[in-house]
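For reference, start.txt is printed below; it contains compact mmCIF, C-alpha atoms and all ligand atoms.
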# COMPACT_ATOMS: atom_id res chain seq x y z
CA MET V 1 98.47 99.96 60.52
CA LYS V 2 98.89 97.33 57.69
CA GLU V 3 102.27 96.86 56.04
CA GLN V 4 102.66 96.01 52.33
CA ASP V 5 103.03 92.40 53.44
CA PRO V 6 99.44 91.82 54.71
CA SER V 7 100.65 89.33 57.27
CA ARG V 8 102.54 92.04 59.18
CA LEU V 9 101.58 95.14 61.19
CA PHE V 10 103.78 98.15 61.80
CA PHE V 11 103.36 100.78 64.56
CA SER V 12 105.57 103.85 64.79
CA GLY V 13 106.65 104.83 68.32
CA ASN V 14 104.00 107.59 68.44
CA GLU V 15 101.26 105.29 67.10
CA MET V 16 102.09 102.78 69.80
CA LEU V 17 101.75 105.39 72.54
CA ALA V 18 98.45 106.72 71.16
CA HIS V 19 96.91 103.28 70.56
CA SER V 20 93.95 102.13 72.70
CA LYS V 21 95.78 98.81 73.21
CA ARG V 22 99.02 100.52 74.13
CA GLU V 23 99.63 98.44 77.27
CA LYS V 24 99.04 95.21 75.33
CA LEU V 25 101.48 96.32 72.61
CA ILE V 26 104.12 97.00 75.23
CA TYR V 27 103.56 93.61 76.87
CA THR V 28 103.81 91.99 73.40
CA MET V 29 107.38 93.28 73.17
CA ILE V 30 108.17 92.07 76.68
CA VAL V 31 106.64 88.55 76.48
CA GLY V 32 107.27 87.68 80.16
CA GLN V 33 109.45 89.44 82.70
CA PRO V 34 110.83 87.67 85.77
CA VAL V 35 109.63 89.17 89.04
CA TYR V 36 112.24 90.46 91.52
CA PHE V 37 111.85 91.83 95.03
CA LEU V 38 114.00 94.94 95.43
CA THR V 39 115.04 95.89 98.98
CA THR V 40 116.53 99.24 100.01
CA LEU V 41 116.98 101.16 103.29
CA ASP V 42 115.65 104.59 104.20
CA GLU V 43 117.59 107.22 106.17
CA PHE V 44 116.32 105.79 109.47
CA GLY V 45 117.29 102.21 108.62
CA ASN V 46 113.75 100.96 107.80
CA ASP V 47 113.89 98.37 105.03
CA ASN V 48 111.54 98.72 102.08
CA THR V 49 110.76 96.06 99.49
CA MET V 50 109.09 96.72 96.13
CA VAL V 51 108.56 94.49 93.10
CA VAL V 52 110.44 95.21 89.90
CA THR V 53 110.19 93.49 86.52
CA GLN V 54 111.69 96.09 84.20
CA PHE V 55 115.04 94.48 84.68
CA MET V 56 118.17 93.91 82.60
CA PRO V 57 120.35 91.18 84.10
CA SER V 58 123.54 91.77 82.08
CA ALA V 59 123.85 95.49 81.52
CA ASP V 60 127.67 95.30 81.56
CA PHE V 61 130.63 93.08 82.40
CA ASP V 62 133.80 93.71 84.38
CA PRO V 63 132.50 94.87 86.71
CA TYR V 64 129.29 92.91 86.31
CA ARG V 65 126.40 95.37 86.19
CA ILE V 66 122.66 95.01 86.13
CA ALA V 67 120.00 97.68 85.41
CA PHE V 68 116.32 98.23 86.10
CA ALA V 69 113.72 100.94 85.58
CA ILE V 70 111.60 102.41 88.37
CA ARG V 71 109.11 105.23 88.59
CA ARG V 72 110.09 108.30 90.57
CA LEU V 73 106.55 109.32 91.50
CA ASN V 74 103.48 107.42 92.61
CA ILE V 75 100.79 107.60 89.94
CA THR V 76 97.97 108.60 92.30
CA ASP V 77 99.41 111.24 94.61
CA ASN V 78 102.60 112.26 92.77
CA LEU V 79 104.56 111.68 95.96
CA ARG V 80 108.09 110.40 95.51
CA ARG V 81 108.42 106.63 95.40
CA GLN V 82 110.14 105.35 98.48
CA THR V 83 112.59 103.12 96.58
CA TYR V 84 113.78 106.02 94.45
CA ASP V 85 114.31 108.21 97.51
CA ASN V 86 116.08 105.42 99.34
CA LEU V 87 118.44 104.70 96.43
CA ARG V 88 119.38 108.38 96.20
CA LYS V 89 120.15 108.55 99.92
CA HIS V 90 121.57 105.07 100.51
CA PRO V 91 122.85 103.74 97.15
CA GLU V 92 122.71 100.02 97.85
CA PHE V 93 120.07 97.37 97.17
CA VAL V 94 119.36 93.65 97.08
CA LEU V 95 117.39 91.92 94.31
CA SER V 96 115.71 88.65 95.28
CA LEU V 97 114.30 86.46 92.52
CA GLY V 98 110.55 85.84 92.91
CA GLU V 99 109.20 82.31 93.09
CA ASN V 100 105.75 80.84 92.47
CA LYS V 101 105.21 80.06 96.16
CA LEU V 102 105.72 83.75 96.98
CA ALA V 103 102.95 85.10 94.72
CA ASP V 104 101.02 86.60 97.65
CA ALA V 105 104.07 88.58 98.69
CA VAL V 106 104.07 90.16 95.21
CA SER V 107 100.76 91.79 96.14
CA ILE V 108 102.13 93.05 99.44
CA CYS V 109 105.36 94.47 98.00
CA GLY V 110 104.17 95.37 94.50
CA ASP V 111 100.86 97.14 95.10
CA PRO V 112 101.76 100.45 96.74
CA TYR V 113 99.61 100.40 99.85
CA ILE V 114 101.87 99.47 102.75
CA PRO V 115 102.83 102.78 104.46
CA TYR V 116 106.28 104.33 104.11
CA GLY V 117 108.81 102.89 106.54
CA ILE V 118 106.74 99.79 107.32
CA SER V 119 108.66 96.71 106.23
CA GLU V 120 106.86 94.80 103.48
CA MET V 121 109.12 91.88 104.44
CA GLU V 122 107.57 91.83 107.92
CA VAL V 123 104.03 92.17 106.60
CA ALA V 124 104.66 89.36 104.08
CA GLY V 125 106.16 87.14 106.78
CA PHE V 126 109.59 86.97 105.08
CA THR V 127 112.79 86.25 106.98
CA ARG V 128 115.56 88.81 106.47
CA LEU V 129 118.72 87.30 104.97
CA PRO V 130 121.71 89.32 106.23
CA SER V 131 123.81 90.64 103.33
CA ARG V 132 127.61 90.39 103.27
CA ASN V 133 128.62 93.38 101.14
CA VAL V 134 125.71 95.84 101.42
CA ALA V 135 123.49 97.01 104.30
CA PRO V 136 119.98 96.15 102.97
CA PRO V 137 118.99 92.55 103.70
CA GLY V 138 117.97 89.90 101.19
CA ILE V 139 115.08 87.45 101.55
CA GLN V 140 115.72 84.01 103.06
CA GLU V 141 112.71 82.51 101.26
CA CYS V 142 114.21 83.40 97.83
CA LYS V 143 116.88 81.05 96.50
CA VAL V 144 118.70 83.79 94.56
CA ASN V 145 119.72 87.09 96.19
CA ILE V 146 121.90 89.65 94.39
CA GLU V 147 123.72 92.32 96.43
CA CYS V 148 124.40 95.53 94.48
CA LYS V 149 125.82 99.02 94.88
CA VAL V 150 124.31 101.81 92.78
CA ASP V 151 126.64 102.77 89.96
CA ARG V 152 124.45 105.53 88.50
CA ILE V 153 120.84 106.68 88.24
CA GLU V 154 119.66 108.12 84.96
CA ASP V 155 116.39 110.10 85.26
CA LEU V 156 114.27 109.71 82.09
CA THR V 157 110.81 111.27 81.57
CA MET V 158 108.82 109.27 84.13
CA LEU V 159 111.12 106.42 84.98
CA SER V 160 114.70 106.28 86.15
CA ILE V 161 117.20 103.70 85.01
CA VAL V 162 119.22 102.43 87.94
CA VAL V 163 122.52 100.76 87.09
CA GLY V 164 124.03 98.64 89.86
CA THR V 165 127.33 96.84 90.27
CA VAL V 166 126.89 93.32 91.60
CA VAL V 167 129.01 92.92 94.74
CA GLY V 168 127.59 89.61 95.92
CA LEU V 169 125.44 86.68 94.79
CA ASN V 170 123.82 84.56 97.48
CA LEU V 171 122.53 81.23 96.13
CA HIS V 172 120.71 78.44 97.88
CA GLN V 173 122.77 75.22 97.79
CA SER V 174 120.04 73.47 95.75
CA VAL V 175 120.43 76.07 92.96
CA TRP V 176 124.20 75.61 92.98
CA ASN V 177 123.75 71.81 92.75
CA ARG V 178 121.92 72.29 89.43
CA ILE V 179 124.34 74.89 88.04
CA ASP V 180 125.05 72.80 84.91
CA ASP V 181 121.40 72.04 84.19
CA ARG V 182 119.55 75.29 83.57
CA LEU V 183 116.17 73.63 82.97
CA ALA V 184 116.39 71.74 86.26
CA GLN V 185 117.46 74.97 87.94
CA MET V 186 114.49 76.89 86.51
CA GLU V 187 112.13 74.10 87.51
CA LEU V 188 113.46 74.24 91.05
CA ILE V 189 113.17 78.02 91.33
CA ASP V 190 109.75 78.04 89.62
CA PRO V 191 110.03 81.76 88.80
CA LEU V 192 107.09 84.11 88.42
CA LEU V 193 106.70 86.00 85.14
CA GLU V 194 104.70 89.19 84.65
CA VAL V 195 102.75 89.14 81.38
CA ASP V 196 99.97 91.73 81.54
CA VAL V 197 97.78 93.99 83.66
CA VAL V 198 94.22 92.65 83.83
CA GLY V 199 91.10 92.44 85.99
CA ASN V 200 88.97 94.70 88.10
CA PRO V 201 90.58 96.00 90.23
CA PRO V 202 93.47 95.91 87.73
CA ARG V 203 96.49 93.95 88.86
CA HIS V 204 99.67 92.65 87.25
CA TRP V 205 98.96 89.21 85.82
CA LEU V 206 101.58 86.62 86.67
CA VAL V 207 102.25 83.19 85.15
CA THR V 208 104.86 80.50 85.75
CA LEU V 209 106.96 78.59 83.25
CA ASN V 210 104.67 75.58 83.58
CA LYS V 211 101.84 77.79 82.26
CA GLU V 212 99.78 77.96 85.44
CA ARG V 213 97.59 80.94 84.51
CA PRO V 214 96.81 83.25 85.96
CA ILE V 215 98.54 82.81 89.29
CA LYS V 216 95.97 83.33 92.03
CA ARG V 217 97.32 85.85 94.47
CA LYS V 218 95.92 87.94 97.27
CA LEU V 219 94.30 91.26 96.47
CA VAL V 220 95.92 93.98 98.56
CA GLY V 221 94.84 97.61 98.46
CA CYS V 222 92.03 99.67 96.96
CA LYS V 223 89.19 97.89 95.26
CA GLY V 224 88.96 100.17 92.28
CA SER V 225 92.52 100.84 91.26
CA LEU V 226 95.99 99.48 90.86
CA HIS V 227 97.46 102.47 92.66
CA GLY V 228 96.12 104.17 95.74
CA ARG V 229 96.84 105.43 99.18
CA PHE V 230 96.69 103.74 102.57
CA ASP V 231 93.77 105.92 103.72
CA GLN V 232 91.75 105.04 100.58
CA TRP V 233 92.40 101.38 101.25
CA MET V 234 91.06 101.77 104.82
CA LYS V 235 87.99 103.56 103.44
CA ASP V 236 87.35 100.59 101.13
CA LEU V 237 87.68 98.18 104.06
CA LYS V 238 85.14 100.24 105.98
CA GLN V 239 82.73 100.34 103.07
CA ASP V 240 83.02 96.57 102.75
CA GLY V 241 82.12 96.22 106.44
CA HIS V 242 85.49 94.81 107.54
CA ILE V 243 86.24 97.70 109.92
CA THR V 244 84.03 100.22 111.72
CA ASP V 245 84.21 104.04 111.59
CA GLU V 246 85.94 104.02 114.95
CA GLU V 247 88.47 101.37 113.91
CA GLU V 248 89.23 103.28 110.71
CA GLU V 249 89.93 106.39 112.75
CA MET V 250 92.17 104.47 115.16
CA ILE V 251 94.19 102.93 112.32
CA LEU V 252 94.59 106.27 110.52
CA ASN V 253 95.78 107.93 113.73
CA ILE V 254 98.36 105.21 114.28
CA TRP V 255 99.40 105.59 110.63
CA LYS V 256 99.84 109.36 111.01
CA ARG V 257 101.77 108.97 114.25
CA TRP V 258 104.16 106.66 112.40
CA GLU V 259 104.36 108.69 109.15
CA ASN V 260 105.25 111.87 111.06
CA PHE V 261 108.19 110.24 112.79
CA ARG V 262 109.54 107.19 110.97
CA ASP V 263 112.42 106.41 113.31
CA PRO V 264 112.20 102.67 114.08
CA LYS V 265 114.19 103.03 117.33
CA LYS V 266 112.48 106.08 118.80
CA ASN V 267 109.00 105.33 117.49
CA VAL V 268 109.23 101.57 117.92
CA GLN V 269 105.77 101.14 119.40
CA MET V 270 103.98 102.77 116.44
CA LYS V 271 106.06 100.80 113.96
CA GLN V 272 105.25 97.48 115.62
CA LEU V 273 101.59 98.36 115.93
CA LEU V 274 101.20 99.49 112.32
CA SER V 275 103.18 96.50 110.97
CA SER V 276 101.01 94.13 112.85
CA ILE V 277 97.80 95.94 111.76
CA CYS V 278 98.93 95.68 108.11
CA LYS V 279 99.71 91.99 108.57
CA HIS V 280 96.25 91.23 109.99
CA ILE V 281 94.63 93.19 107.17
CA VAL V 282 96.48 91.44 104.33
CA ASN V 283 95.73 88.10 106.00
CA GLU V 284 92.07 89.18 106.34
CA ASP V 285 92.34 88.21 110.01
CA TRP V 286 89.73 90.67 111.30
CA ASP V 287 89.51 89.08 114.77
CA SER V 288 93.24 89.56 115.41
CA LEU V 289 92.99 93.10 114.04
CA ARG V 290 90.20 93.86 116.51
CA THR V 291 92.16 92.35 119.41
CA GLU V 292 95.23 94.38 118.40
CA LEU V 293 93.24 97.62 118.37
CA ASN V 294 91.61 96.79 121.70
CA VAL V 295 94.89 96.20 123.51
CA ALA V 296 96.75 99.11 121.86
CA PRO V 297 97.43 101.91 124.39
CA SER V 298 94.76 104.56 123.98
CA SER V 299 97.47 107.22 123.60
CA SER V 300 98.19 105.64 120.20
CA PHE V 301 94.93 106.96 118.92
CA HIS V 302 95.57 110.61 119.67
CA LEU V 303 97.82 112.67 117.50
CA LYS V 304 100.81 114.05 119.37
CA TYR V 305 103.10 115.13 116.58
C1 LIG X 1 104.43 92.31 89.02
C2 LIG X 1 104.81 93.74 89.31
C3 LIG X 1 105.85 94.34 88.60
C4 LIG X 1 106.24 95.65 88.85
N1 LIG X 1 107.29 96.19 88.17
C5 LIG X 1 107.68 97.46 88.42
C6 LIG X 1 108.82 98.01 87.76
O1 LIG X 1 109.52 97.35 87.00
N2 LIG X 1 109.14 99.32 88.04
C7 LIG X 1 108.41 100.09 88.91
O2 LIG X 1 108.74 101.27 89.12
N3 LIG X 1 107.34 99.58 89.57
C8 LIG X 1 106.98 98.28 89.35
N4 LIG X 1 105.92 97.74 90.03
C9 LIG X 1 105.17 98.57 91.01
C10 LIG X 1 105.91 98.73 92.34
O3 LIG X 1 106.42 97.49 92.82
C11 LIG X 1 104.97 99.31 93.41
O4 LIG X 1 104.40 100.50 92.97
C12 LIG X 1 105.67 99.49 94.74
O5 LIG X 1 104.71 99.64 95.76
C13 LIG X 1 106.59 100.71 94.80
O6 LIG X 1 107.19 100.70 96.06
P1 LIG X 1 107.82 101.98 96.77
O7 LIG X 1 106.81 103.07 96.73
O8 LIG X 1 108.08 101.46 98.14
O9 LIG X 1 109.06 102.32 96.06
C14 LIG X 1 105.53 96.41 89.81
C15 LIG X 1 104.48 95.81 90.54
C16 LIG X 1 104.13 94.48 90.30
C17 LIG X 1 103.03 93.85 91.11
Would you mind giving the structure from this file in structure tokens?
Ligand SMILES: Cc1cc2nc3c(=O)[nH]c(=O)nc-3n(C[C@H](O)[C@H](O)[C@H](O)COP(=O)(O)O)c2cc1C
Amino acid sequence: MKEQDPSRLFFSGNEMLAHSKREKLIYTMIVGQPVYFLTTLDEFGNDNTMVVTQFMPSADFDPYRIAFAIRRLNITDNLRRQTYDNLRKHPEFVLSLGENKLADAVSICGDPYIPYGISEMEVAGFTRLPSRNVAPPGIQECKVNIECKVDRIEDLTMLSIVVGTVVGLNLHQSVWNRIDDRLAQMELIDPLLEVDVVGNPPRHWLVTLNKERPIKRKLVGCKGSLHGRFDQWMKDLKQDGHITDEEEEMILNIWKRWENFRDPKKNVQMKQLLSSICKHIVNEDWDSLRTELNVAPSSSFHLKY
């Protein structure tokens, strides 16, 4: 809608929401949001890493608090998001600042296809960085890791605002060495910024400060959508000829045998098998996937639970 000054446009809150370019209007307000990996633990001790950009780095001082917004439900199946569940049960987390060289891991952690309880860190090939003051680990490959305890969770309509107290900051020495030169520090970290959702299948579009655009990253998950389930992803892989009917069935059985009993100590074999299957799939290493399925004990393919 035109303002009296023809060089300006004004949208009321409701007009923004109803507008066909609503997403673009929202991204116009945001400009570019740094990408963070957010790691939590479930009740069995499995670590889970998602990507978060709706982040506020200085929500409060003394104690120093940060805040971010996460969805409570998955868009496709309305199941509870694992991070939200984890934070309610185990109120601690680590935020690890994303870097350009880790763009592929953004697909693995930020597109919701890796099954519950399977560590995105393992699938992405990250090294766990033990935390000092919280139980969830950070990420060795990230130069900045922030350990936090949940201060409060405010449930809004679809998202929840999580406020955390920072209880530890783990910096790589090289970042510390540039502490008085912010530009040199940013250049070193080479952070990823989220600026839009584009493409088919739609994916978050990332850029870096040196304007590399868009960042080329792996496509993980369903062909047709940003959000989907593990079984739909497997169906897509079958339709594309990457796996056979039989292999799809084997993978889904292993998945179910893990999902029904997500204890990493008692169901260690299923966890290892499914992690390694996910890793071969995201690396598009079909030969290793086939070998893995061939050597897996046949009992893995029959549902017991
Ligand atoms: C670049 C990028 C930014 C994202 N930012 C957010 C965010 O700020 N809040 C959110 O709830 N989901 C965000 N997501 C989506 C989640 O990371 C994704 O759905 C994830 O799989 C949820 O994990 P969970 O089900 O294990 O909790 C983002 C994804 C990407 C790729």
Point (119.9, 85.1, 98.3) neighbourhood (8 Å, all atoms listed in the file) written as a PyMOL selection string | chain V and resi 96+129+138-140+142-146+169-172
Return as number ranges by chain the residues of protein, DNA or RNA that approach ligand LIG 1 (chain X) to within 6 Å, with only C-alpha atoms and all ligand atoms taken into account.
-> V: 48, 50-54, 69-71, 81-83, 106-107, 109-112, 194, 204
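The interatomic distance for the pair atom CA of V:Ala124 and atom CA of V:Asp104 works out to 7.9 Å.
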Report the distance between atom CA of V:Gly117 and atom CA of V:Ile215 in Å, rounded to one decimal place.
-> 28.4 Å
Do you know which residues are at most 10 Å from stretch 253-264 of chain V counting only C-alpha atoms, after dropping those on the same chain fewer than 2 positions away, and could you put them as a count of residues only?
-> 35
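Considering only C-alpha atoms, the residue among V:Thr244, V:Gln33, V:Thr39, V:Thr165 positioned nearest to V:Pro191 is V:Gln33.
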Contacts of V:Phe61 within 10 Å, only C-alpha atoms, excl. fewer than 4 positions in-chain, as a PDB file with C-alpha atoms, in the frame of the given file:
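In the end it all went to selection08.pdb:
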ATOM      1  CA  ARG V  65     126.400  95.370  86.190  1.00  0.00           C
ATOM      2  CA  ILE V  66     122.660  95.010  86.130  1.00  0.00           C
ATOM      3  CA  THR V 165     127.330  96.840  90.270  1.00  0.00           C
ATOM      4  CA  VAL V 166     126.890  93.320  91.600  1.00  0.00           C
TER       5      VAL V 166
END
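Take atom CA of V:Thr127 and atom CA of V:Glu141: the distance between them is 6.8 Å.
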What box, with edges along x, y and z, holds each listed atom of stretch 132-137 of chain V when 6 Å is added on every side, and can you state its centre and edge lengths in Å to one decimal, as lines of an AutoDock Vina configuration file?
center_x = 123.8
center_y = 93.7
center_z = 102.7
size_x = 21.6
size_y = 18.6
size_z = 15.2
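Counting only C-alpha atoms and comparing V:Asn100, V:Ser119, V:Asn200, V:Asn283, the residue that lies closest to V:Leu188 is V:Asn100.
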Up to 9 Å from (121.7, 103.2, 97.0) in the file's coordinates: name the residues, counting all atoms listed in the file, as a PyMOL selection string.
-> chain V and resi 40-41+84-93+148-151+164
Could those residues be written to a file, using C-alpha atoms, as a JSON list (two decimals), in the coordinates of the input?
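Saved to selection_21.json:
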[["chain", "number", "residue", "atom", "x", "y", "z"],
["V", 40, "THR", "CA", 116.53, 99.24, 100.01],
["V", 41, "LEU", "CA", 116.98, 101.16, 103.29],
["V", 84, "TYR", "CA", 113.78, 106.02, 94.45],
["V", 85, "ASP", "CA", 114.31, 108.21, 97.51],
["V", 86, "ASN", "CA", 116.08, 105.42, 99.34],
["V", 87, "LEU", "CA", 118.44, 104.70, 96.43],
["V", 88, "ARG", "CA", 119.38, 108.38, 96.20],
["V", 89, "LYS", "CA", 120.15, 108.55, 99.92],
["V", 90, "HIS", "CA", 121.57, 105.07, 100.51],
["V", 91, "PRO", "CA", 122.85, 103.74, 97.15],
["V", 92, "GLU", "CA", 122.71, 100.02, 97.85],
["V", 93, "PHE", "CA", 120.07, 97.37, 97.17],
["V", 148, "CYS", "CA", 124.40, 95.53, 94.48],
["V", 149, "LYS", "CA", 125.82, 99.02, 94.88],
["V", 150, "VAL", "CA", 124.31, 101.81, 92.78],
["V", 151, "ASP", "CA", 126.64, 102.77, 89.96],
["V", 164, "GLY", "CA", 124.03, 98.64, 89.86]]
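If you measure from each of V:Val35, V:Gly13, V:His19, V:Ser276 to V:Trp205 using only C-alpha atoms, the closest one turns out to be V:Val35.
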Restore N, CA and C atoms in stretch 38-49 of chain V and list the result as a PDB file, in the coordinates of the input.
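The new file result31.pdb reads:
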ATOM      1  N   LEU V  38     112.876  93.995  95.368  1.00  0.00           N
ATOM      2  CA  LEU V  38     114.000  94.940  95.430  1.00  0.00           C
ATOM      3  C   LEU V  38     113.974  95.605  96.812  1.00  0.00           C
ATOM      4  N   THR V  39     115.025  95.370  97.599  1.00  0.00           N
ATOM      5  CA  THR V  39     115.040  95.890  98.980  1.00  0.00           C
ATOM      6  C   THR V  39     116.088  96.983  99.145  1.00  0.00           C
ATOM      7  N   THR V  40     115.653  98.085  99.756  1.00  0.00           N
ATOM      8  CA  THR V  40     116.530  99.240 100.010  1.00  0.00           C
ATOM      9  C   THR V  40     116.330  99.661 101.477  1.00  0.00           C
ATOM     10  N   LEU V  41     117.129 100.634 101.918  1.00  0.00           N
ATOM     11  CA  LEU V  41     116.980 101.160 103.290  1.00  0.00           C
ATOM     12  C   LEU V  41     116.707 102.655 103.242  1.00  0.00           C
ATOM     13  N   ASP V  42     115.850 103.142 104.146  1.00  0.00           N
ATOM     14  CA  ASP V  42     115.650 104.590 104.200  1.00  0.00           C
ATOM     15  C   ASP V  42     116.659 105.216 105.183  1.00  0.00           C
ATOM     16  N   GLU V  43     116.572 106.533 105.356  1.00  0.00           N
ATOM     17  CA  GLU V  43     117.590 107.220 106.170  1.00  0.00           C
ATOM     18  C   GLU V  43     117.553 106.826 107.638  1.00  0.00           C
ATOM     19  N   PHE V  44     116.419 106.222 108.070  1.00  0.00           N
ATOM     20  CA  PHE V  44     116.320 105.790 109.470  1.00  0.00           C
ATOM     21  C   PHE V  44     116.732 104.331 109.659  1.00  0.00           C
ATOM     22  N   GLY V  45     116.934 103.633 108.533  1.00  0.00           N
ATOM     23  CA  GLY V  45     117.290 102.210 108.620  1.00  0.00           C
ATOM     24  C   GLY V  45     116.092 101.282 108.446  1.00  0.00           C
ATOM     25  N   ASN V  46     114.908 101.826 108.095  1.00  0.00           N
ATOM     26  CA  ASN V  46     113.750 100.960 107.800  1.00  0.00           C
ATOM     27  C   ASN V  46     113.987 100.302 106.452  1.00  0.00           C
ATOM     28  N   ASP V  47     113.757  98.972 106.360  1.00  0.00           N
ATOM     29  CA  ASP V  47     113.890  98.370 105.030  1.00  0.00           C
ATOM     30  C   ASP V  47     112.569  98.468 104.278  1.00  0.00           C
ATOM     31  N   ASN V  48     112.687  98.570 102.960  1.00  0.00           N
ATOM     32  CA  ASN V  48     111.540  98.720 102.080  1.00  0.00           C
ATOM     33  C   ASN V  48     111.713  97.748 100.912  1.00  0.00           C
ATOM     34  N   THR V  49     110.649  97.013 100.606  1.00  0.00           N
ATOM     35  CA  THR V  49     110.760  96.060  99.490  1.00  0.00           C
ATOM     36  C   THR V  49     109.665  96.350  98.472  1.00  0.00           C
TER      37      THR V  49
END
